[in-house]
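Enquirer: Take a look at this one; I'll ask things after.
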Amino acid sequence: MNLAPATLGFTLPVFTADDAWTVATVACCATACALLGCFLVLRRLSLLGDAISHAILPGLAAAFIITSSRGAIPMLVGATVVGLITAVFSSAIHRWGRIPEDAAMGVVFTSLFAVGVILITWGARDVDLDPGCVLYGVLETIALHRVDVVGFSIPPAFVSLAVVLAVVVLVLTVAFKELKIVSFDAGLAASLGFSVALIHYTFMGLVAATTVVSFEAVGSILVIVMLIAPAASAHLLTDRLSRMLWISALIAIGACVAGYLLAVWVDTSVAGMISVVLFGVFILTSLLAPRYGVISKLAHRVRLAVRILGEDVLGMLYRWHERAALSGTAAVPPLSPADLRRGLQRPFLTRLALASLSRQGLIERAATVSLTPRGMDAARGIVRSHRLWESFLAKHLGLPLDHLHEPSHRVEHFITAELQSVLSREVGEGRDPHGSAIPGPGTASQQSQPS
Amino acid sequence: MNTEFWDIILLKDSTTRTVLAGTGLLGLAAGVVGSFAVLRRRSLVGDAIAHASLPGVCVAYFIVGERNFVALLLGAMAFGLLGAATIAGIRSLTRIKEDAAIGLVLGGFFGLGIVLSTIIQKQSSGNRAGLDSFIFGKAASMVASDSWTIAGVAAVILLTVGVLFKEFRLLCFDREFAAAEGRPVLFLDLLLLALITLCTVAGLPAVGVVLIAALLIIPASAARFWTENLTVMVLISGAIAVLAAVVGTIASAVIPGPPGSLSRGLPTGPCITLAAAVLFLASMFLAPRRGIVADVWRLFSLRRELALQKALTQAIDQGRGPEARP
């Protein structure tokens, strides 16, 4: 990327053809990885991508040393052989050694990676394949090599990655239903007559081939992130597989463009920056996703807690009214906000609950808290639920008197008007087992002992 | 090269002695902690922690401005623990499973490390040599104080494991039972993670971030073939790791690197990993009771025994004649 002359006092990046080719190449790679990654993440096979991207290194190195060319076919063959070795060795070690599966995988891929690094430093002497570029790829120089394809001068890496992307899209389109059913319910797929093993190995082959081709461009670390991060982010945003695929592809492309621009701006490794951007997208998604995000889950829990505490406040106020009506206001001191906060034992949430109730016009807050007429109706509903449930527990489950309050106190928040009328038919109106009057659905409160 | 070779093998050089003492002690600590890491299913978390510590090295380098091992160790430790915490956070707070969380942290943090180290490389011309060796490890670039630091870390790790051996054993084999017995399992889990991190970052100058996990995983997995007893496994694992570290360090020093390159020798991390892998293969095939050779031999003798008994039964049947057969 060139920087325009600083006529405006700052430099504006200018997007050259080389930049465009690099971004297009890495975007192809990221999209192919993201689409396959969706299935890896759903099937909990993410670490297989990790293992493959490390383990294929000796295959690539050996293919290079034997044929002394960077042709795609020998490299693919070498990588496939090593991929098979990885799978066979991991399961053999897991079975024979009774070693946990993750450790078995760890043994195989670290060893193979070490072999690969040594082969490269030692064997492939005068090549531009050094241990560093194994990790971060050669993105920066992709656009420098060009081949002529039907009159256009195109980087060969773009051609191979575009082909890979096309194959991935084709396979996913043709075998979408099969892949989906095998991913979500392998047992059902087998009983329906699908060849689970065939589909599984086709998919794995696709992952391996994509990893091999991507590896050279973006390095082993970025491949792992590209496989996992867009898919994991998309998984937090939707429950539908087809939407997950679309979202992950969009995230992948967006992160490539943003990562490339950032890397040029800071003047650092492009592969590294794209990894960071993808990881950042995932972290942001996991915080902000509308349904599965950490913040929205927290907000949901706070809202529920505030609603329940608000209803508890209404219940307390209603019982205070009952007691005051029985023995006179002078004998029962009115409740202040501080009393309520202390009584409910969760001061901060109770403060929120009081604010929410007064906003809804259910209570009036001054030195003391009192119910408005609408608040009185709502409170009556809560206490009615509580006492109906107590009567039900006593009548039908035969619980002793001192076991009635706790369960009813929890259930009262989830009893609907419909359930109230069913319960009322079951246990009748009148008084609860403690002798307190069950407030009627629309009647005024009666004087009685609080339960 | 010949005299140099013998100098290294015979430990004539004091530098070689310190470097070997450092990597040997590191191996011992890694082998011991690794046993628990493997049994507690934390092997790949260890890998992720190791990769995650790279940005910590760079940040410490930014702050201190030179290759100060203790500062880099602290930075690496901080980011390693942050990585472990991120994995735990993703696993418990979102619907993303642990395998994806491990991969995300491994790649995301390592990517940040590459970004930072590239910036350092472009800013300072000569000073980066020390930092570069943290990726694949270069034992030759270690100085005496590095070895002393590693020795201190190893002592802390071995002492902790020695004191809490019974607790860690319970944690690895039956976490629920340990919890029911009133042991602080969460604290023990975190302590084990901290020990893994400590061991990982101590190994950075010798083995590098990419392959230090191998020193945790491979010796412990190899030791598993030799025994069913945890104490024995920890000792064997430690021994295998020391052997791998020493052999790997020597190999990386004496085997010539590519002729054109400036740095002599091979990166140490891959050499140590390969030495460990060879010992692992040997264990897998040759271990007396659980090795593959022993397994095949057992199968073979069982078949022979069966064939012999069948032959004997037939001989008896024929001796009795057809009418005696049931």
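Chain lettering (A, B, ...) mirrors the order of the structure tokens, residue numbering begins at 1 for each chain separately, and ligand numbering begins at 1 in order of display.
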Select from chain A every residue with an atom at most 8 Å from any atom of chain B, then for each give the shortest pair of atoms and their distance in Å to one decimal, using only C-alpha atoms, rows by chain and rising number, as CSV.
Expert:
residue,atom,partner,partner_atom,distance
A:Val41,CA,B:Ala100,CA,6.4
A:Arg44,CA,B:Asp99,CA,6.4
A:Leu45,CA,B:Asp99,CA,7.2
A:Ser46,CA,B:Ala100,CA,5.3
A:Leu47,CA,B:Asp99,CA,5.8
A:Asp50,CA,B:Gly103,CA,6.8
A:Ile93,CA,B:Met284,CA,8.0
A:Trp96,CA,B:Arg290,CA,7.4
A:Gly97,CA,B:Phe225,CA,5.8
A:Ile99,CA,B:Ser221,CA,6.5
A:Pro100,CA,B:Arg41,CA,6.7
A:Asp102,CA,B:Leu44,CA,6.4
A:Ala103,CA,B:Ser43,CA,5.5
A:Ala104,CA,B:Ser221,CA,7.5
A:Gly106,CA,B:Leu44,CA,6.6
A:Val107,CA,B:Ile218,CA,5.3
A:Thr110,CA,B:Ala214,CA,5.8
A:Ser111,CA,B:Ala277,CA,5.9
A:Phe113,CA,B:Pro270,CA,7.8
A:Ala114,CA,B:Pro270,CA,4.3
A:Val115,CA,B:Leu274,CA,6.8
A:Val117,CA,B:Pro270,CA,6.7
A:Ile118,CA,B:Pro270,CA,6.6
A:Thr121,CA,B:Pro258,CA,6.4
A:Trp122,CA,B:Pro258,CA,5.5
A:Gly123,CA,B:Pro258,CA,7.8
A:Arg125,CA,B:Pro258,CA,6.0
A:Asp126,CA,B:Gly260,CA,7.9
A:Tyr136,CA,B:Ile114,CA,7.9
A:Ile221,CA,B:Gly107,CA,5.5
A:Leu222,CA,B:Gly107,CA,6.6
A:Ile224,CA,B:Gly107,CA,6.3
A:Val225,CA,B:Gly107,CA,5.3
A:Ile228,CA,B:Ala100,CA,6.3
A:Ala229,CA,B:Leu104,CA,6.2
A:Ala232,CA,B:Ile96,CA,6.6
A:His235,CA,B:Ile96,CA,7.9
A:Leu236,CA,B:Arg95,CA,7.2
A:Val266,CA,B:Ile119,CA,8.0
A:Asp267,CA,B:Ile119,CA,7.1
A:Thr268,CA,B:Thr118,CA,5.5
A:Ser269,CA,B:Val115,CA,5.4
A:Val270,CA,B:Val115,CA,7.9
A:Ala271,CA,B:Gly111,CA,7.2
A:Gly272,CA,B:Gly111,CA,4.0
A:Met273,CA,B:Val115,CA,6.0
A:Ile274,CA,B:Gly111,CA,7.8
A:Ser275,CA,B:Gly111,CA,5.2
A:Val276,CA,B:Gly108,CA,5.3
A:Leu278,CA,B:Gly108,CA,7.4
A:Phe279,CA,B:Gly108,CA,5.1
A:Ser286,CA,B:Thr94,CA,6.7
A:Tyr292,CA,B:Thr94,CA,6.7
A:Gly293,CA,B:Thr94,CA,7.0
A:Val294,CA,B:Leu93,CA,6.4
Enquirer: Let's see if you can do this: from backbone DSSP, list all helix (DSSP H, G or I) residues in range 33-227 of chain B, as a PyMOL selection string.
Expert: chain B and resi 33-39+43-52+54-64+69-93+98-123+129-136+139-141+144-163+165-173+175-180+185-202+204-207+212-224
Enquirer: Using C-alpha atoms, can you export the residues from the last selection as a short mmCIF file (atom, residue, chain, number, x, y, z; two decimals), in the first residue's frame?
Expert:
data_model
loop_
_atom_site.label_atom_id
_atom_site.label_comp_id
_atom_site.auth_asym_id
_atom_site.auth_seq_id
_atom_site.Cartn_x
_atom_site.Cartn_y
_atom_site.Cartn_z
CA VAL B 33 3.83 -30.82 36.22
CA GLY B 34 3.03 -32.38 32.84
CA SER B 35 1.94 -35.64 34.50
CA PHE B 36 -0.77 -33.79 36.35
CA ALA B 37 -1.63 -31.64 33.34
CA VAL B 38 -2.18 -34.71 31.18
CA LEU B 39 -4.18 -36.60 33.80
CA SER B 43 -2.64 -30.69 27.97
CA LEU B 44 -4.03 -28.51 25.21
CA VAL B 45 -4.82 -25.73 27.66
CA GLY B 46 -1.09 -25.78 28.37
CA ASP B 47 -0.44 -25.36 24.66
CA ALA B 48 -2.82 -22.40 24.51
CA ILE B 49 -1.24 -20.80 27.59
CA ALA B 50 2.18 -21.12 26.01
CA HIS B 51 1.08 -19.43 22.80
CA ALA B 52 -0.82 -16.79 24.77
CA LEU B 54 4.01 -14.32 23.53
CA PRO B 55 2.33 -10.88 23.67
CA GLY B 56 3.36 -10.71 27.34
CA VAL B 57 6.98 -11.11 26.32
CA CYS B 58 6.59 -8.28 23.81
CA VAL B 59 4.80 -5.96 26.22
CA ALA B 60 7.48 -6.54 28.85
CA TYR B 61 10.08 -5.81 26.18
CA PHE B 62 8.31 -2.55 25.33
CA ILE B 63 8.34 -1.51 28.98
CA VAL B 64 11.82 -2.61 29.98
CA PHE B 69 14.57 -12.46 31.49
CA VAL B 70 12.79 -11.83 34.79
CA ALA B 71 10.74 -8.98 33.29
CA LEU B 72 9.88 -11.04 30.20
CA LEU B 73 8.93 -13.93 32.48
CA LEU B 74 6.57 -11.73 34.45
CA GLY B 75 4.97 -10.38 31.27
CA ALA B 76 4.60 -13.87 29.84
CA MET B 77 3.15 -15.10 33.12
CA ALA B 78 0.57 -12.30 33.16
CA PHE B 79 -0.60 -12.98 29.61
CA GLY B 80 -0.49 -16.75 30.09
CA LEU B 81 -2.81 -16.46 33.06
CA LEU B 82 -5.00 -13.98 31.16
CA GLY B 83 -5.26 -16.57 28.37
CA ALA B 84 -6.21 -19.31 30.83
CA ALA B 85 -8.81 -17.01 32.40
CA THR B 86 -10.19 -16.14 28.95
CA ILE B 87 -10.62 -19.83 28.12
CA ALA B 88 -12.42 -20.41 31.41
CA GLY B 89 -14.56 -17.31 30.85
CA ILE B 90 -15.59 -18.26 27.31
CA ARG B 91 -16.41 -21.79 28.43
CA SER B 92 -18.54 -20.81 31.40
CA LEU B 93 -20.18 -17.58 30.20
CA GLU B 98 -13.89 -25.56 25.47
CA ASP B 99 -12.23 -26.85 22.28
CA ALA B 100 -13.18 -23.72 20.34
CA ALA B 101 -12.20 -21.53 23.30
CA ILE B 102 -8.73 -23.10 23.39
CA GLY B 103 -8.23 -22.57 19.66
CA LEU B 104 -9.49 -18.98 19.83
CA VAL B 105 -7.21 -17.97 22.68
CA LEU B 106 -4.24 -19.79 21.17
CA GLY B 107 -4.59 -18.07 17.82
CA GLY B 108 -5.86 -14.69 18.96
CA PHE B 109 -3.19 -14.11 21.59
CA PHE B 110 -0.42 -15.50 19.41
CA GLY B 111 -1.56 -13.21 16.58
CA LEU B 112 -1.29 -10.26 18.97
CA GLY B 113 2.20 -11.47 19.88
CA ILE B 114 3.20 -11.53 16.23
CA VAL B 115 1.78 -8.05 15.69
CA LEU B 116 3.74 -6.67 18.64
CA SER B 117 6.97 -8.49 17.85
CA THR B 118 6.85 -7.28 14.24
CA ILE B 119 6.49 -3.73 15.51
CA ILE B 120 9.48 -4.24 17.82
CA GLN B 121 11.45 -5.70 14.94
CA LYS B 122 10.73 -2.68 12.77
CA GLN B 123 11.48 -0.16 15.51
CA ALA B 129 17.74 -11.15 18.42
CA GLY B 130 16.97 -12.12 22.01
CA LEU B 131 13.23 -11.81 21.47
CA ASP B 132 13.18 -13.84 18.28
CA SER B 133 14.56 -16.85 20.09
CA PHE B 134 11.44 -16.96 22.26
CA ILE B 135 9.34 -18.34 19.41
CA PHE B 136 11.26 -21.54 18.67
CA ALA B 139 19.26 -22.45 24.34
CA ALA B 140 22.58 -21.07 23.11
CA SER B 141 21.30 -17.53 23.64
CA ALA B 144 23.90 -17.76 33.32
CA SER B 145 21.26 -15.64 35.05
CA ASP B 146 18.58 -17.22 32.84
CA SER B 147 19.62 -20.63 34.07
CA TRP B 148 19.49 -19.45 37.67
CA THR B 149 16.00 -18.08 37.12
CA ILE B 150 14.92 -21.40 35.61
CA ALA B 151 16.46 -23.21 38.57
CA GLY B 152 14.48 -21.01 40.95
CA VAL B 153 11.23 -21.63 39.04
CA ALA B 154 11.89 -25.36 38.95
CA ALA B 155 12.52 -25.37 42.70
CA VAL B 156 9.21 -23.58 43.34
CA ILE B 157 7.33 -26.02 41.08
CA LEU B 158 8.91 -29.16 42.54
CA LEU B 159 8.43 -27.94 46.09
CA THR B 160 4.75 -27.12 45.49
CA VAL B 161 4.09 -30.46 43.84
CA GLY B 162 5.97 -32.26 46.62
CA VAL B 163 3.97 -30.59 49.36
CA PHE B 165 1.19 -34.32 45.99
CA LYS B 166 -1.75 -36.02 47.72
CA GLU B 167 -4.11 -33.15 46.90
CA PHE B 168 -3.13 -33.08 43.23
CA ARG B 169 -3.52 -36.85 43.01
CA LEU B 170 -7.08 -36.57 44.32
CA LEU B 171 -7.80 -33.67 41.99
CA CYS B 172 -6.68 -35.64 38.93
CA PHE B 173 -8.40 -38.91 39.69
CA ARG B 175 -12.36 -34.26 41.65
CA GLU B 176 -15.82 -34.82 43.13
CA PHE B 177 -14.45 -36.99 45.92
CA ALA B 178 -11.79 -34.39 46.66
CA ALA B 179 -14.50 -31.72 46.83
CA ALA B 180 -16.67 -33.89 49.07
CA VAL B 185 -10.58 -28.10 44.52
CA LEU B 186 -11.05 -24.77 42.78
CA PHE B 187 -7.91 -23.41 44.43
CA LEU B 188 -6.01 -26.59 43.51
CA ASP B 189 -7.20 -26.37 39.91
CA LEU B 190 -6.07 -22.75 39.68
CA LEU B 191 -2.77 -23.60 41.37
CA LEU B 192 -2.16 -26.38 38.85
CA LEU B 193 -2.91 -23.93 36.01
CA ALA B 194 -0.51 -21.42 37.58
CA LEU B 195 2.21 -24.09 37.82
CA ILE B 196 1.63 -25.02 34.17
CA THR B 197 1.91 -21.35 33.22
CA LEU B 198 5.04 -20.87 35.33
CA CYS B 199 6.69 -23.90 33.79
CA THR B 200 5.67 -22.79 30.30
CA VAL B 201 7.09 -19.29 30.59
CA ALA B 202 10.29 -20.53 32.27
CA LEU B 204 10.50 -19.85 26.71
CA PRO B 205 14.22 -19.07 26.17
CA ALA B 206 15.13 -22.73 25.80
CA VAL B 207 12.17 -24.27 23.99
CA ILE B 212 7.02 -25.83 25.13
CA ALA B 213 3.71 -27.68 25.52
CA ALA B 214 5.40 -30.72 23.98
CA LEU B 215 7.68 -30.90 26.99
CA LEU B 216 4.61 -30.97 29.23
CA ILE B 217 2.62 -33.49 27.22
CA ILE B 218 5.01 -35.97 25.62
CA PRO B 219 7.11 -37.17 28.60
CA ALA B 220 4.01 -37.59 30.75
CA SER B 221 2.23 -39.56 28.01
CA ALA B 222 5.32 -41.70 27.52
CA ALA B 223 5.56 -42.42 31.26
CA ARG B 224 1.96 -43.61 31.21
#
Enquirer: Could you tell me, as number ranges by chain, which residues of range 98-309 of chain A DSSP assigns to strand (DSSP E) when given the backbone?
Expert: A: 147-149, 152-154
Enquirer: Contacts of Met316 in chain A at 10 Å or less, counting only C-alpha atoms, minus same-chain residues fewer than 6 places along, as a compact mmCIF listing (two decimals) with N, CA and C atoms, in the first residue's frame?
Expert:
# COMPACT_ATOMS: atom_id res chain seq x y z
N GLY A 310 -39.59 -6.38 43.01
CA GLY A 310 -40.69 -5.42 42.97
C GLY A 310 -41.97 -6.06 43.48
N GLU A 322 -52.80 -4.51 55.57
CA GLU A 322 -53.68 -5.43 56.31
C GLU A 322 -53.50 -5.22 57.81
N LEU A 335 -43.72 1.87 56.37
CA LEU A 335 -42.45 1.35 55.86
C LEU A 335 -41.71 2.42 55.06
N LEU A 340 -37.53 -1.39 53.52
CA LEU A 340 -37.73 -2.38 52.47
C LEU A 340 -36.40 -2.96 52.02
N GLY A 343 -35.23 -5.25 54.62
CA GLY A 343 -36.08 -6.44 54.72
C GLY A 343 -35.83 -7.42 53.58
N LEU A 344 -35.56 -6.92 52.38
CA LEU A 344 -35.38 -7.82 51.22
C LEU A 344 -33.92 -8.23 51.04
N ALA A 379 -50.73 -5.57 43.98
CA ALA A 379 -50.29 -6.25 45.21
C ALA A 379 -51.28 -7.32 45.61
N VAL A 383 -50.47 -11.30 46.44
CA VAL A 383 -50.80 -11.97 47.70
C VAL A 383 -51.84 -13.05 47.48
N PRO A 450 -51.67 -11.27 58.91
CA PRO A 450 -50.79 -11.57 57.76
C PRO A 450 -50.27 -13.00 57.86
Enquirer: Out of A:Ala258, A:Val108, A:Val207, A:Leu35, which residue has the shortest atom-to-atom distance to Leu172 in chain A when counting only C-alpha atoms?
Expert: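 Counting only C-alpha atoms, the residue closest to Leu172 in chain A is A:Leu35.
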Enquirer: Could you tell me which of A:Ala17, A:Ser195, A:Ala51, A:Ala255 comes closest to Pro155 in chain A if we count only C-alpha atoms?
Expert: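 Comparing A:Ala17, A:Ser195, A:Ala51, A:Ala255 against Pro155 in chain A, the winner is A:Ala17.
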Enquirer: I'd like the interatomic distance between CA of Ala324 in chain A and CA of Asp339 in chain A, to a tenth of an Å.
Expert: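 So the two atoms, CA of Ala324 in chain A and CA of Asp339 in chain A, lie 16.2 Å apart.
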Enquirer: Just the residues within 9 Å of Leu423 in chain A, please, counting only C-alpha atoms, with nothing from its chain fewer than 3 positions along; format it as an mmCIF file with C-alpha atoms, in the first residue's frame.
Expert:
data_model
loop_
_atom_site.group_PDB
_atom_site.id
_atom_site.type_symbol
_atom_site.label_atom_id
_atom_site.label_comp_id
_atom_site.auth_asym_id
_atom_site.auth_seq_id
_atom_site.Cartn_x
_atom_site.Cartn_y
_atom_site.Cartn_z
ATOM 1 C CA SER A 385 -51.371 -16.050 44.242
ATOM 2 C CA LEU A 388 -54.028 -19.686 46.903
ATOM 3 C CA TRP A 389 -50.832 -21.674 46.441
ATOM 4 C CA SER A 391 -54.024 -23.454 50.383
ATOM 5 C CA PHE A 392 -53.348 -25.778 47.483
ATOM 6 C CA GLU A 418 -55.734 -18.096 34.549
ATOM 7 C CA LEU A 419 -53.905 -20.341 36.998
ATOM 8 C CA GLN A 420 -55.332 -18.226 39.842
ATOM 9 C CA GLU A 426 -59.782 -26.081 43.468
ATOM 10 C CA VAL A 427 -59.325 -24.689 46.984
ATOM 11 C CA GLY A 428 -62.157 -22.182 47.164
#
Enquirer: Between CA of Ala79 in chain A and CA of Ile56 in chain A, what is the spacing in Å?
Expert: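 Computing the Euclidean distance for CA of Ile56 in chain A and CA of Ala79 in chain A yields 4.9 Å.
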Enquirer: Name the residues in contact with Thr238 in chain A at a cut-off of 12 Å, using only C-alpha atoms, excluding same-chain residues fewer than 2 positions from it; report them as a list in words.
Expert: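 In the requested format, the answer is Cys38, Ala231, Ala232, Ser233, Ala234, His235, Leu236, Arg240, Leu241, Ser242, Arg243, Met244, Leu245, Trp246, Ile247, Ser248, Thr285, Ala289, Pro290, Arg291, Tyr292 and Gly293 of chain A; Arg95 of chain B.
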Enquirer: Could you pull the residues within 9 Å of Ile199 in chain A, counting only C-alpha atoms, minus those fewer than 4 positions along the same chain, as a VMD selection string?
Expert: chain A and resid 175 178 to 179 182 194 to 195 203 to 204
